[in-house]
file coords-v2.pdb (PDB, C-alpha atoms, pLDDT in the B column)
ATOM      1  CA  MET A   1      99.221  85.534  31.958  1.00 55.00           C
ATOM      2  CA  LYS A   2      96.609  86.922  34.282  1.00 54.00           C
ATOM      3  CA  ASN A   3      93.989  84.525  32.922  1.00 57.00           C
ATOM      4  CA  TYR A   4      96.353  81.564  33.365  1.00 57.00           C
ATOM      5  CA  THR A   5      96.914  82.498  37.013  1.00 65.00           C
ATOM      6  CA  ILE A   6      93.164  82.666  37.619  1.00 63.00           C
ATOM      7  CA  PHE A   7      92.738  79.260  35.967  1.00 57.00           C
ATOM      8  CA  LEU A   8      95.372  77.711  38.215  1.00 58.00           C
ATOM      9  CA  PHE A   9      93.731  79.259  41.254  1.00 61.00           C
ATOM     10  CA  ILE A  10      90.346  77.786  40.348  1.00 68.00           C
ATOM     11  CA  ILE A  11      91.852  74.315  39.800  1.00 67.00           C
ATOM     12  CA  ALA A  12      93.624  74.496  43.174  1.00 62.00           C
ATOM     13  CA  LEU A  13      90.427  75.596  44.906  1.00 61.00           C
ATOM     14  CA  ILE A  14      88.476  72.676  43.407  1.00 68.00           C
ATOM     15  CA  LEU A  15      91.146  70.241  44.538  1.00 64.00           C
ATOM     16  CA  ILE A  16      91.128  71.637  48.090  1.00 68.00           C
ATOM     17  CA  ILE A  17      87.314  71.482  48.343  1.00 67.00           C
ATOM     18  CA  GLY A  18      87.320  67.910  47.023  1.00 61.00           C
ATOM     19  CA  ALA A  19      89.972  66.822  49.522  1.00 61.00           C
ATOM     20  CA  VAL A  20      88.032  68.369  52.422  1.00 57.00           C
ATOM     21  CA  TYR A  21      84.799  66.643  51.318  1.00 62.00           C
ATOM     22  CA  ILE A  22      86.456  63.226  51.029  1.00 64.00           C
ATOM     23  CA  SER A  23      88.174  63.521  54.415  1.00 63.00           C
ATOM     24  CA  ARG A  24      84.912  64.489  56.150  1.00 63.00           C
ATOM     25  CA  LYS A  25      83.011  61.622  54.492  1.00 59.00           C
ATOM     26  CA  GLU A  26      85.580  59.120  55.721  1.00 57.00           C
ATOM     27  CA  ALA A  27      85.452  60.613  59.205  1.00 56.00           C
ATOM     28  CA  ILE A  28      81.683  60.078  59.584  1.00 57.00           C
ATOM     29  CA  ALA A  29      81.490  56.677  57.824  1.00 52.00           C
ATOM     30  CA  PRO A  30      80.549  53.853  60.296  1.00 55.00           C
ATOM     31  CA  THR A  31      83.302  51.468  61.098  1.00 57.00           C
ATOM     32  CA  SER A  32      82.603  47.727  61.078  1.00 57.00           C
ATOM     33  CA  PRO A  33      83.028  46.119  64.504  1.00 58.00           C
ATOM     34  CA  ALA A  34      85.916  43.774  64.828  1.00 59.00           C
ATOM     35  CA  PRO A  35      84.800  40.109  64.770  1.00 63.00           C
ATOM     36  CA  VAL A  36      84.320  38.544  68.244  1.00 64.00           C
ATOM     37  CA  ALA A  37      85.867  35.164  68.959  1.00 72.00           C
ATOM     38  CA  CYS A  38      83.533  33.227  71.284  1.00 77.00           C
ATOM     39  CA  THR A  39      84.751  30.428  73.523  1.00 72.00           C
ATOM     40  CA  GLU A  40      84.049  26.940  72.264  1.00 71.00           C
ATOM     41  CA  GLU A  41      81.632  25.991  75.022  1.00 69.00           C
ATOM     42  CA  ALA A  42      78.474  23.987  74.521  1.00 71.00           C
ATOM     43  CA  LYS A  43      75.156  23.836  76.363  1.00 77.00           C
ATOM     44  CA  ILE A  44      73.242  20.558  76.474  1.00 73.00           C
ATOM     45  CA  CYS A  45      69.558  21.030  75.693  1.00 78.00           C
ATOM     46  CA  PRO A  46      66.674  19.007  77.226  1.00 70.00           C
ATOM     47  CA  ASP A  47      66.406  16.920  74.041  1.00 69.00           C
ATOM     48  CA  GLY A  48      70.083  15.928  74.268  1.00 69.00           C
ATOM     49  CA  SER A  49      71.351  18.193  71.483  1.00 77.00           C
ATOM     50  CA  ALA A  50      74.070  20.835  72.048  1.00 78.00           C
ATOM     51  CA  VAL A  51      74.245  24.517  71.122  1.00 80.00           C
ATOM     52  CA  GLY A  52      77.262  26.856  71.123  1.00 82.00           C
ATOM     53  CA  ARG A  53      77.830  30.540  71.794  1.00 82.00           C
ATOM     54  CA  GLN A  54      77.165  33.067  69.037  1.00 82.00           C
ATOM     55  CA  GLY A  55      76.611  36.746  68.271  1.00 76.00           C
ATOM     56  CA  PRO A  56      78.467  39.827  69.497  1.00 79.00           C
ATOM     57  CA  ASN A  57      77.652  38.973  73.136  1.00 81.00           C
ATOM     58  CA  CYS A  58      78.665  35.312  72.784  1.00 82.00           C
ATOM     59  CA  GLU A  59      75.313  34.120  74.130  1.00 82.00           C
ATOM     60  CA  PHE A  60      74.221  30.508  73.758  1.00 80.00           C
ATOM     61  CA  ALA A  61      71.967  29.861  70.790  1.00 85.00           C
ATOM     62  CA  PRO A  62      68.401  28.902  71.731  1.00 85.00           C
ATOM     63  CA  CYS A  63      67.667  25.201  72.183  1.00 83.00           C
ATOM     64  CA  PRO A  64      65.418  23.484  69.615  1.00 80.00           C
ATOM     65  CA  VAL A  65      61.747  23.608  70.520  1.00 76.00           C
ATOM     66  CA  ALA A  66      60.605  20.114  71.496  1.00 67.00           C
ATOM     67  CA  GLN A  67      57.600  18.810  69.613  1.00 66.00           C
ATOM     68  CA  ALA A  68      54.770  17.560  71.824  1.00 62.00           C
ATOM     69  CA  VAL A  69      54.412  13.785  71.671  1.00 67.00           C
ATOM     70  CA  ASP A  70      51.050  12.156  72.261  1.00 71.00           C
ATOM     71  CA  GLU A  71      51.966   9.022  74.195  1.00 77.00           C
ATOM     72  CA  MET A  72      48.402   7.750  73.845  1.00 78.00           C
ATOM     73  CA  ALA A  73      48.248   8.136  70.069  1.00 82.00           C
ATOM     74  CA  ASP A  74      48.277   4.379  69.430  1.00 88.00           C
ATOM     75  CA  TRP A  75      46.349   3.335  72.556  1.00 94.00           C
ATOM     76  CA  LYS A  76      43.072   1.464  72.331  1.00 95.00           C
ATOM     77  CA  THR A  77      39.775   2.856  73.618  1.00 96.00           C
ATOM     78  CA  TYR A  78      37.515   1.011  76.055  1.00 97.00           C
ATOM     79  CA  THR A  79      33.899   2.185  76.129  1.00 96.00           C
ATOM     80  CA  ASN A  80      31.167   1.147  78.563  1.00 96.00           C
ATOM     81  CA  ASP A  81      27.776   2.488  77.511  1.00 94.00           C
ATOM     82  CA  LYS A  82      25.871   1.064  80.486  1.00 93.00           C
ATOM     83  CA  TYR A  83      27.963   2.801  83.119  1.00 94.00           C
ATOM     84  CA  GLY A  84      28.764   5.794  80.972  1.00 95.00           C
ATOM     85  CA  PHE A  85      32.524   6.033  80.695  1.00 96.00           C
ATOM     86  CA  GLU A  86      35.428   5.476  78.364  1.00 96.00           C
ATOM     87  CA  LEU A  87      39.202   5.524  78.622  1.00 96.00           C
ATOM     88  CA  LYS A  88      42.349   4.649  76.731  1.00 95.00           C
ATOM     89  CA  TYR A  89      44.727   1.815  77.565  1.00 95.00           C
ATOM     90  CA  PRO A  90      48.096   0.700  76.079  1.00 94.00           C
ATOM     91  CA  SER A  91      47.888  -1.117  72.768  1.00 94.00           C
ATOM     92  CA  ASP A  92      49.623  -4.234  74.149  1.00 95.00           C
ATOM     93  CA  TRP A  93      47.126  -4.555  77.041  1.00 95.00           C
ATOM     94  CA  LYS A  94      43.921  -6.543  77.162  1.00 95.00           C
ATOM     95  CA  TYR A  95      40.857  -6.082  79.328  1.00 95.00           C
ATOM     96  CA  PHE A  96      38.652  -8.429  81.302  1.00 94.00           C
ATOM     97  CA  GLU A  97      35.210  -7.539  82.646  1.00 94.00           C
ATOM     98  CA  GLN A  98      34.805  -9.317  85.977  1.00 87.00           C
ATOM     99  CA  GLY A  99      31.039  -9.261  86.134  1.00 83.00           C
ATOM    100  CA  ASP A 100      28.026  -7.049  86.618  1.00 90.00           C
ATOM    101  CA  ALA A 101      26.328  -7.298  90.036  1.00 90.00           C
ATOM    102  CA  GLU A 102      23.216  -5.527  88.760  1.00 87.00           C
ATOM    103  CA  LYS A 103      22.900  -7.892  85.816  1.00 86.00           C
ATOM    104  CA  LEU A 104      23.453 -10.929  88.039  1.00 85.00           C
ATOM    105  CA  ASN A 105      21.186  -9.487  90.759  1.00 86.00           C
ATOM    106  CA  LEU A 106      23.910  -9.802  93.391  1.00 86.00           C
ATOM    107  CA  PRO A 107      23.911  -7.714  96.590  1.00 86.00           C
ATOM    108  CA  THR A 108      26.831  -5.322  97.017  1.00 88.00           C
ATOM    109  CA  ARG A 109      26.263  -4.646 100.723  1.00 84.00           C
ATOM    110  CA  GLU A 110      26.056  -6.773 103.819  1.00 85.00           C
ATOM    111  CA  ASN A 111      24.630  -5.335 107.035  1.00 83.00           C
ATOM    112  CA  GLY A 112      24.838  -1.916 105.412  1.00 83.00           C
ATOM    113  CA  VAL A 113      28.558  -2.233 104.641  1.00 84.00           C
ATOM    114  CA  LEU A 114      29.727  -2.087 101.025  1.00 88.00           C
ATOM    115  CA  PHE A 115      31.739  -5.225 100.261  1.00 86.00           C
ATOM    116  CA  MET A 116      31.894  -5.440  96.466  1.00 90.00           C
ATOM    117  CA  SER A 117      31.692  -3.272  93.358  1.00 93.00           C
ATOM    118  CA  THR A 118      28.728  -3.131  91.026  1.00 94.00           C
ATOM    119  CA  PHE A 119      31.032  -3.616  88.055  1.00 96.00           C
ATOM    120  CA  THR A 120      34.802  -3.953  87.559  1.00 96.00           C
ATOM    121  CA  VAL A 121      37.007  -4.129  84.480  1.00 96.00           C
ATOM    122  CA  ARG A 122      40.685  -5.054  84.614  1.00 95.00           C
ATOM    123  CA  PHE A 123      43.415  -3.936  82.209  1.00 96.00           C
ATOM    124  CA  GLY A 124      46.874  -5.415  81.671  1.00 95.00           C
ATOM    125  CA  LYS A 125      49.018  -7.591  79.472  1.00 95.00           C
ATOM    126  CA  ASP A 126      47.515 -10.575  81.289  1.00 94.00           C
ATOM    127  CA  PRO A 127      44.697  -9.158  83.409  1.00 91.00           C
ATOM    128  CA  LEU A 128      43.565 -12.613  84.573  1.00 88.00           C
ATOM    129  CA  ASN A 129      46.849 -14.015  85.824  1.00 90.00           C
ATOM    130  CA  GLY A 130      49.351 -11.145  85.871  1.00 90.00           C
ATOM    131  CA  GLU A 131      49.596  -7.558  87.047  1.00 90.00           C
ATOM    132  CA  PHE A 132      46.608  -5.404  86.247  1.00 91.00           C
ATOM    133  CA  SER A 133      45.000  -1.995  86.680  1.00 93.00           C
ATOM    134  CA  GLU A 134      41.292  -1.712  87.177  1.00 94.00           C
ATOM    135  CA  VAL A 135      38.278   0.548  87.087  1.00 96.00           C
ATOM    136  CA  SER A 136      35.394  -0.241  89.442  1.00 96.00           C
ATOM    137  CA  VAL A 137      31.897   1.209  89.481  1.00 96.00           C
ATOM    138  CA  PHE A 138      29.875   1.492  92.705  1.00 95.00           C
ATOM    139  CA  LYS A 139      26.170   2.366  92.567  1.00 94.00           C
ATOM    140  CA  ASN A 140      24.458   3.994  95.578  1.00 92.00           C
ATOM    141  CA  ALA A 141      27.816   4.686  97.193  1.00 94.00           C
ATOM    142  CA  THR A 142      29.909   7.510  98.608  1.00 94.00           C
ATOM    143  CA  PHE A 143      33.661   8.082  98.714  1.00 94.00           C
ATOM    144  CA  ASP A 144      33.793   6.856 102.333  1.00 93.00           C
ATOM    145  CA  ASP A 145      31.862   3.699 101.390  1.00 93.00           C
ATOM    146  CA  VAL A 146      34.447   2.856  98.744  1.00 94.00           C
ATOM    147  CA  ILE A 147      37.471   3.653 100.916  1.00 92.00           C
ATOM    148  CA  ASN A 148      36.067   1.595 103.799  1.00 89.00           C
ATOM    149  CA  MET A 149      34.806  -1.240 101.592  1.00 86.00           C
ATOM    150  CA  GLY A 150      34.659  -4.449 103.640  1.00 77.00           C
ATOM    151  CA  GLY A 151      35.172  -2.579 106.911  1.00 78.00           C
ATOM    152  CA  ASN A 152      37.335   0.261 108.199  1.00 77.00           C
ATOM    153  CA  GLN A 153      40.613  -1.122 106.885  1.00 81.00           C
ATOM    154  CA  TYR A 154      42.047   2.072 105.421  1.00 85.00           C
ATOM    155  CA  LEU A 155      42.712   5.595 106.655  1.00 84.00           C
ATOM    156  CA  LYS A 156      42.747   8.657 104.393  1.00 87.00           C
ATOM    157  CA  ASP A 157      46.226  10.184 104.353  1.00 86.00           C
ATOM    158  CA  THR A 158      46.023  12.981 101.737  1.00 90.00           C
ATOM    159  CA  GLU A 159      43.344  14.329  99.403  1.00 92.00           C
ATOM    160  CA  ILE A 160      44.018  16.154  96.106  1.00 94.00           C
ATOM    161  CA  PRO A 161      41.031  17.319  93.996  1.00 95.00           C
ATOM    162  CA  PHE A 162      41.260  16.966  90.229  1.00 94.00           C
ATOM    163  CA  SER A 163      38.948  17.732  87.348  1.00 92.00           C
ATOM    164  CA  VAL A 164      36.690  15.425  85.338  1.00 94.00           C
ATOM    165  CA  PRO A 165      34.111  17.183  83.118  1.00 93.00           C
ATOM    166  CA  GLY A 166      30.579  16.184  84.130  1.00 93.00           C
ATOM    167  CA  ALA A 167      31.533  14.882  87.592  1.00 95.00           C
ATOM    168  CA  LEU A 168      30.227  16.324  90.864  1.00 94.00           C
ATOM    169  CA  GLU A 169      33.564  15.707  92.529  1.00 95.00           C
ATOM    170  CA  ALA A 170      36.860  13.976  91.784  1.00 96.00           C
ATOM    171  CA  ILE A 171      39.578  13.404  94.400  1.00 95.00           C
ATOM    172  CA  LYS A 172      42.881  11.571  94.440  1.00 95.00           C
ATOM    173  CA  PHE A 173      43.210   9.897  97.842  1.00 94.00           C
ATOM    174  CA  HIS A 174      46.357   8.432  99.311  1.00 92.00           C
ATOM    175  CA  ILE A 175      45.204   5.798 101.766  1.00 90.00           C
ATOM    176  CA  LYS A 176      47.060   3.679 104.289  1.00 88.00           C
ATOM    177  CA  MET A 177      46.058   0.472 105.970  1.00 82.00           C
ATOM    178  CA  ARG A 178      45.142   0.509 109.655  1.00 80.00           C
ATOM    179  CA  ALA A 179      48.154  -0.004 111.934  1.00 79.00           C
ATOM    180  CA  ASP A 180      46.924  -3.382 113.210  1.00 79.00           C
ATOM    181  CA  LEU A 181      46.709  -4.670 109.635  1.00 76.00           C
ATOM    182  CA  ALA A 182      49.654  -2.832 108.078  1.00 73.00           C
ATOM    183  CA  SER A 183      52.290  -4.976 109.794  1.00 74.00           C
ATOM    184  CA  GLU A 184      51.026  -7.986 107.847  1.00 73.00           C
ATOM    185  CA  TYR A 185      49.719  -6.513 104.598  1.00 70.00           C
ATOM    186  CA  ASP A 186      51.729  -3.292 104.195  1.00 76.00           C
ATOM    187  CA  PRO A 187      54.785  -3.516 106.502  1.00 76.00           C
ATOM    188  CA  LYS A 188      56.554  -0.620 104.752  1.00 79.00           C
ATOM    189  CA  GLY A 189      53.549   1.641 105.264  1.00 78.00           C
ATOM    190  CA  ILE A 190      53.543   2.713 101.622  1.00 84.00           C
ATOM    191  CA  GLY A 191      49.790   2.777 101.169  1.00 86.00           C
ATOM    192  CA  GLN A 192      48.289   3.403  97.749  1.00 88.00           C
ATOM    193  CA  ASP A 193      46.776   6.087  95.537  1.00 92.00           C
ATOM    194  CA  ILE A 194      43.174   5.765  94.428  1.00 93.00           C
ATOM    195  CA  TYR A 195      41.205   8.109  92.208  1.00 96.00           C
ATOM    196  CA  LEU A 196      37.497   8.474  93.030  1.00 96.00           C
ATOM    197  CA  ILE A 197      34.990  10.216  90.760  1.00 97.00           C
ATOM    198  CA  LEU A 198      31.433  10.976  91.893  1.00 96.00           C
ATOM    199  CA  THR A 199      28.361  11.462  89.701  1.00 95.00           C
ATOM    200  CA  SER A 200      24.656  11.553  90.536  1.00 93.00           C
ATOM    201  CA  CYS A 201      21.515  10.942  88.519  1.00 90.00           C
ATOM    202  CA  ASN A 202      17.944  10.769  89.852  1.00 87.00           C
ATOM    203  CA  ASN A 203      19.317  10.902  93.419  1.00 87.00           C
ATOM    204  CA  ILE A 204      21.456   7.815  92.799  1.00 89.00           C
ATOM    205  CA  ASN A 205      25.171   8.339  93.362  1.00 94.00           C
ATOM    206  CA  THR A 206      27.750   6.489  91.317  1.00 96.00           C
ATOM    207  CA  VAL A 207      31.422   6.354  92.290  1.00 96.00           C
ATOM    208  CA  TYR A 208      34.128   5.338  89.819  1.00 97.00           C
ATOM    209  CA  LYS A 209      37.321   4.036  91.390  1.00 96.00           C
ATOM    210  CA  ILE A 210      40.558   3.990  89.351  1.00 96.00           C
ATOM    211  CA  VAL A 211      43.904   2.731  90.659  1.00 90.00           C
ATOM    212  CA  ASP A 212      46.182   3.735  87.774  1.00 89.00           C
ATOM    213  CA  SER A 213      47.156   7.308  86.880  1.00 88.00           C
ATOM    214  CA  GLN A 214      47.594   6.271  83.214  1.00 87.00           C
ATOM    215  CA  LEU A 215      43.927   5.343  83.001  1.00 92.00           C
ATOM    216  CA  VAL A 216      42.805   8.446  84.903  1.00 93.00           C
ATOM    217  CA  ASN A 217      44.465  10.747  82.372  1.00 90.00           C
ATOM    218  CA  SER A 218      42.166   9.548  79.586  1.00 92.00           C
ATOM    219  CA  PHE A 219      39.030   8.764  81.643  1.00 96.00           C
ATOM    220  CA  ARG A 220      35.905  10.459  80.320  1.00 95.00           C
ATOM    221  CA  LEU A 221      32.253  10.388  81.364  1.00 96.00           C
ATOM    222  CA  THR A 222      30.007   9.710  78.368  1.00 94.00           C
ATOM    223  CA  LYS A 223      26.527   9.369  79.846  1.00 83.00           C
ATOM    224  CA  LYS A 224      24.346  12.314  80.824  1.00 80.00           C
ATOM    225  CA  CYS A 225      21.579  11.955  83.375  1.00 78.00           C
ATOM    226  CA  GLY A 226      18.353  10.857  81.679  1.00 60.00           C
ATOM    227  CA  ASN A 227      20.099   9.347  78.638  1.00 61.00           C
TER     228      ASN A 227
END

call {"tool": "encode", "arguments": {"input": "coords-v2.pdb", "output": "structure tokens"}}
result
Amino acid sequence: MKNYTIFLFIIALILIIGAVYISRKEAIAPTSPAPVACTEEAKICPDGSAVGRQGPNCEFAPCPVAQAVDEMADWKTYTNDKYGFELKYPSDWKYFEQGDAEKLNLPTRENGVLFMSTFTVRFGKDPLNGEFSEVSVFKNATFDDVINMGGNQYLKDTEIPFSVPGALEAIKFHIKMRADLASEYDPKGIGQDIYLILTSCNNINTVYKIVDSQLVNSFRLTKKCGN
């Protein structure tokens, strides 16, 4: 009888220890957070897609990363080896070279005043009869010569330097016509932007004039002095 009592005591002790162990394990077990219901709002991303709220803090999901698009990927390339430059122009444009004053032995100055470019090429869907953009080359010239070509008709309004590898200087000028001429030729006083790029070789300055930001973005000098 004594042995039976001891046996029952041991069984009871084991059961008590097991119950205590299980209760403590449940007490320290991590509890899963209750699911969060986010509001059904949407954020419009720059590409036009929409993202909703998510996560425990209901933050908007990140917008898709936009892939860079090369707008000039299918553009054509114009190269001029004589005057040392190249650029890209839209695939549906054509170009027309107006003439080469050096080749034709034509003067570009009269009484010391610059009145014409050494070389000009026009770009456009119909560069002869329609709207066009152009690049002009001026040999033995300065920025002021080009701005005041044909006389002091224009005034410099603003100047913004930009970078062209291989150039001595490159500046975007906003110019406006003189007041006595503006009433007839530019009554709204809008003026125009021109991009001038200066190079020099053997003490001879060359200025490239571009009147279209599209062409400036791909303009590149290709000729080094002495080549």

call {"tool": "resolve_selection", "arguments": {"input": "coords-v2.pdb", "expression": "the PyMOL selection byres ((chain A and resi 149) around 10)", "output": "PyMOL selection string"}}
result
chain A and resi 109+113-117+143-148+150-154

call {"tool": "residues_near_point", "arguments": {"input": "coords-v2.pdb", "point": "(39.8, 13.7, 100.4)", "cutoff": "8 Å", "atoms": "only C-alpha atoms", "output": "list in words"}}
result
Lys156, Thr158, Glu159, Ile160, Pro161, Ile171, Lys172 and Phe173 of chain A

call {"tool": "axis_aligned_box", "arguments": {"input": "coords-v2.pdb", "around": "segment 107-116 of chain A", "padding_each_side": "4 Å", "output": "lines of an AutoDock Vina configuration file"}}
result
center_x = 27.9
center_y = -4.8
center_z = 101.8
size_x = 16.0
size_y = 13.8
size_z = 18.6

call {"tool": "closest_residue", "arguments": {"input": "coords-v2.pdb", "among": "A:Pro64, A:Lys43, A:Thr142, A:Phe123", "to": "Ser91 of chain A", "atoms": "all atoms listed in the file"}}
result
A:Phe123

call {"tool": "resolve_selection", "arguments": {"input": "coords-v2.pdb", "expression": "the PyMOL selection byres ((chain A and resi 42) around 10)", "output": "compact mmCIF listing (two decimals) with C-alpha atoms, keeping the file's coordinate frame"}}
result
# COMPACT_ATOMS: atom_id res chain seq x y z
CA THR A 39 84.75 30.43 73.52
CA GLU A 40 84.05 26.94 72.26
CA GLU A 41 81.63 25.99 75.02
CA LYS A 43 75.16 23.84 76.36
CA ILE A 44 73.24 20.56 76.47
CA CYS A 45 69.56 21.03 75.69
CA SER A 49 71.35 18.19 71.48
CA ALA A 50 74.07 20.84 72.05
CA VAL A 51 74.24 24.52 71.12
CA GLY A 52 77.26 26.86 71.12
CA ARG A 53 77.83 30.54 71.79
CA PHE A 60 74.22 30.51 73.76
CA ALA A 61 71.97 29.86 70.79

call {"tool": "atom_distance", "arguments": {"input": "coords-v2.pdb", "atom1": "atom CA of Tyr195 of chain A", "atom2": "atom CA of Tyr208 of chain A"}}
result
8.0 Å

call {"tool": "resolve_selection", "arguments": {"input": "coords-v2.pdb", "expression": "the PyMOL selection byres ((chain A and resi 207) around 12)", "output": "number ranges by chain"}}
result
A: 83-85, 117-120, 135-147, 167-171, 194-201, 204-206, 208-210, 221

call {"tool": "atom_distance", "arguments": {"input": "coords-v2.pdb", "atom1": "atom CA of Gly191 of chain A", "atom2": "atom CA of Val164 of chain A"}}
result
24.1 Å

call {"tool": "closest_residue", "arguments": {"input": "coords-v2.pdb", "among": "A:Glu59, A:Pro127, A:Tyr78, A:Leu155", "to": "Ala179 of chain A", "atoms": "all atoms listed in the file"}}
result
A:Leu155

call {"tool": "atom_distance", "arguments": {"input": "coords-v2.pdb", "atom1": "atom CA of Ser218 of chain A", "atom2": "atom CA of Phe162 of chain A"}}
result
13.0 Å

call {"tool": "closest_residue", "arguments": {"input": "coords-v2.pdb", "among": "A:Lys188, A:Glu86, A:Leu181, A:Glu134", "to": "Phe219 of chain A", "atoms": "all atoms listed in the file"}}
result
A:Glu86

call {"tool": "build_atoms", "arguments": {"input": "coords-v2.pdb", "residues": "segment 70-94 of chain A", "atoms": "N, CA and C atoms", "output": "CSV table (one decimal), keeping the file's coordinate frame"}}
result
chain,number,residue,atom,x,y,z
A,70,ASP,N,52.2,12.8,71.7
A,70,ASP,CA,51.0,12.2,72.3
A,70,ASP,C,51.3,10.7,72.5
A,71,GLU,N,51.6,10.4,73.8
A,71,GLU,CA,52.0,9.0,74.2
A,71,GLU,C,50.8,8.1,74.0
A,72,MET,N,49.6,8.6,74.0
A,72,MET,CA,48.4,7.8,73.8
A,72,MET,C,47.9,7.6,72.4
A,73,ALA,N,48.7,8.1,71.5
A,73,ALA,CA,48.2,8.1,70.1
A,73,ALA,C,47.8,6.8,69.5
A,74,ASP,N,48.6,5.7,70.0
A,74,ASP,CA,48.3,4.4,69.4
A,74,ASP,C,47.6,3.5,70.5
A,75,TRP,N,47.1,4.1,71.5
A,75,TRP,CA,46.3,3.3,72.6
A,75,TRP,C,45.0,3.0,72.1
A,76,LYS,N,44.4,1.9,72.6
A,76,LYS,CA,43.1,1.5,72.3
A,76,LYS,C,42.1,2.2,73.2
A,77,THR,N,40.8,2.2,72.8
A,77,THR,CA,39.8,2.9,73.6
A,77,THR,C,38.8,1.8,74.1
A,78,TYR,N,38.5,1.9,75.4
A,78,TYR,CA,37.5,1.0,76.1
A,78,TYR,C,36.3,1.9,76.3
A,79,THR,N,35.1,1.4,75.9
A,79,THR,CA,33.9,2.2,76.1
A,79,THR,C,32.9,1.3,76.8
A,80,ASN,N,32.2,1.9,77.9
A,80,ASN,CA,31.2,1.1,78.6
A,80,ASN,C,29.9,2.0,78.5
A,81,ASP,N,29.0,1.7,77.7
A,81,ASP,CA,27.8,2.5,77.5
A,81,ASP,C,26.8,2.4,78.7
A,82,LYS,N,26.8,1.2,79.4
A,82,LYS,CA,25.9,1.1,80.5
A,82,LYS,C,26.2,2.0,81.6
A,83,TYR,N,27.5,2.0,82.0
A,83,TYR,CA,28.0,2.8,83.1
A,83,TYR,C,28.6,4.1,82.7
A,84,GLY,N,28.5,4.4,81.4
A,84,GLY,CA,28.8,5.8,81.0
A,84,GLY,C,30.2,6.3,81.1
A,85,PHE,N,31.2,5.5,80.7
A,85,PHE,CA,32.5,6.0,80.7
A,85,PHE,C,33.4,5.4,79.6
A,86,GLU,N,34.5,6.0,79.3
A,86,GLU,CA,35.4,5.5,78.4
A,86,GLU,C,36.8,5.9,78.8
A,87,LEU,N,37.8,5.2,78.3
A,87,LEU,CA,39.2,5.5,78.6
A,87,LEU,C,40.1,4.8,77.6
A,88,LYS,N,41.4,5.3,77.6
A,88,LYS,CA,42.3,4.6,76.7
A,88,LYS,C,43.3,3.8,77.5
A,89,TYR,N,43.8,2.7,76.9
A,89,TYR,CA,44.7,1.8,77.6
A,89,TYR,C,45.8,1.4,76.5
A,90,PRO,N,47.0,1.0,77.0
A,90,PRO,CA,48.1,0.7,76.1
A,90,PRO,C,47.7,-0.4,75.1
A,91,SER,N,48.3,-0.2,73.9
A,91,SER,CA,47.9,-1.1,72.8
A,91,SER,C,48.3,-2.6,73.0
A,92,ASP,N,49.3,-2.8,73.9
A,92,ASP,CA,49.6,-4.2,74.1
A,92,ASP,C,48.9,-4.8,75.4
A,93,TRP,N,47.9,-4.1,75.9
A,93,TRP,CA,47.1,-4.6,77.0
A,93,TRP,C,45.8,-5.2,76.5
A,94,LYS,N,45.2,-6.0,77.4
A,94,LYS,CA,43.9,-6.5,77.2
A,94,LYS,C,43.0,-6.1,78.3
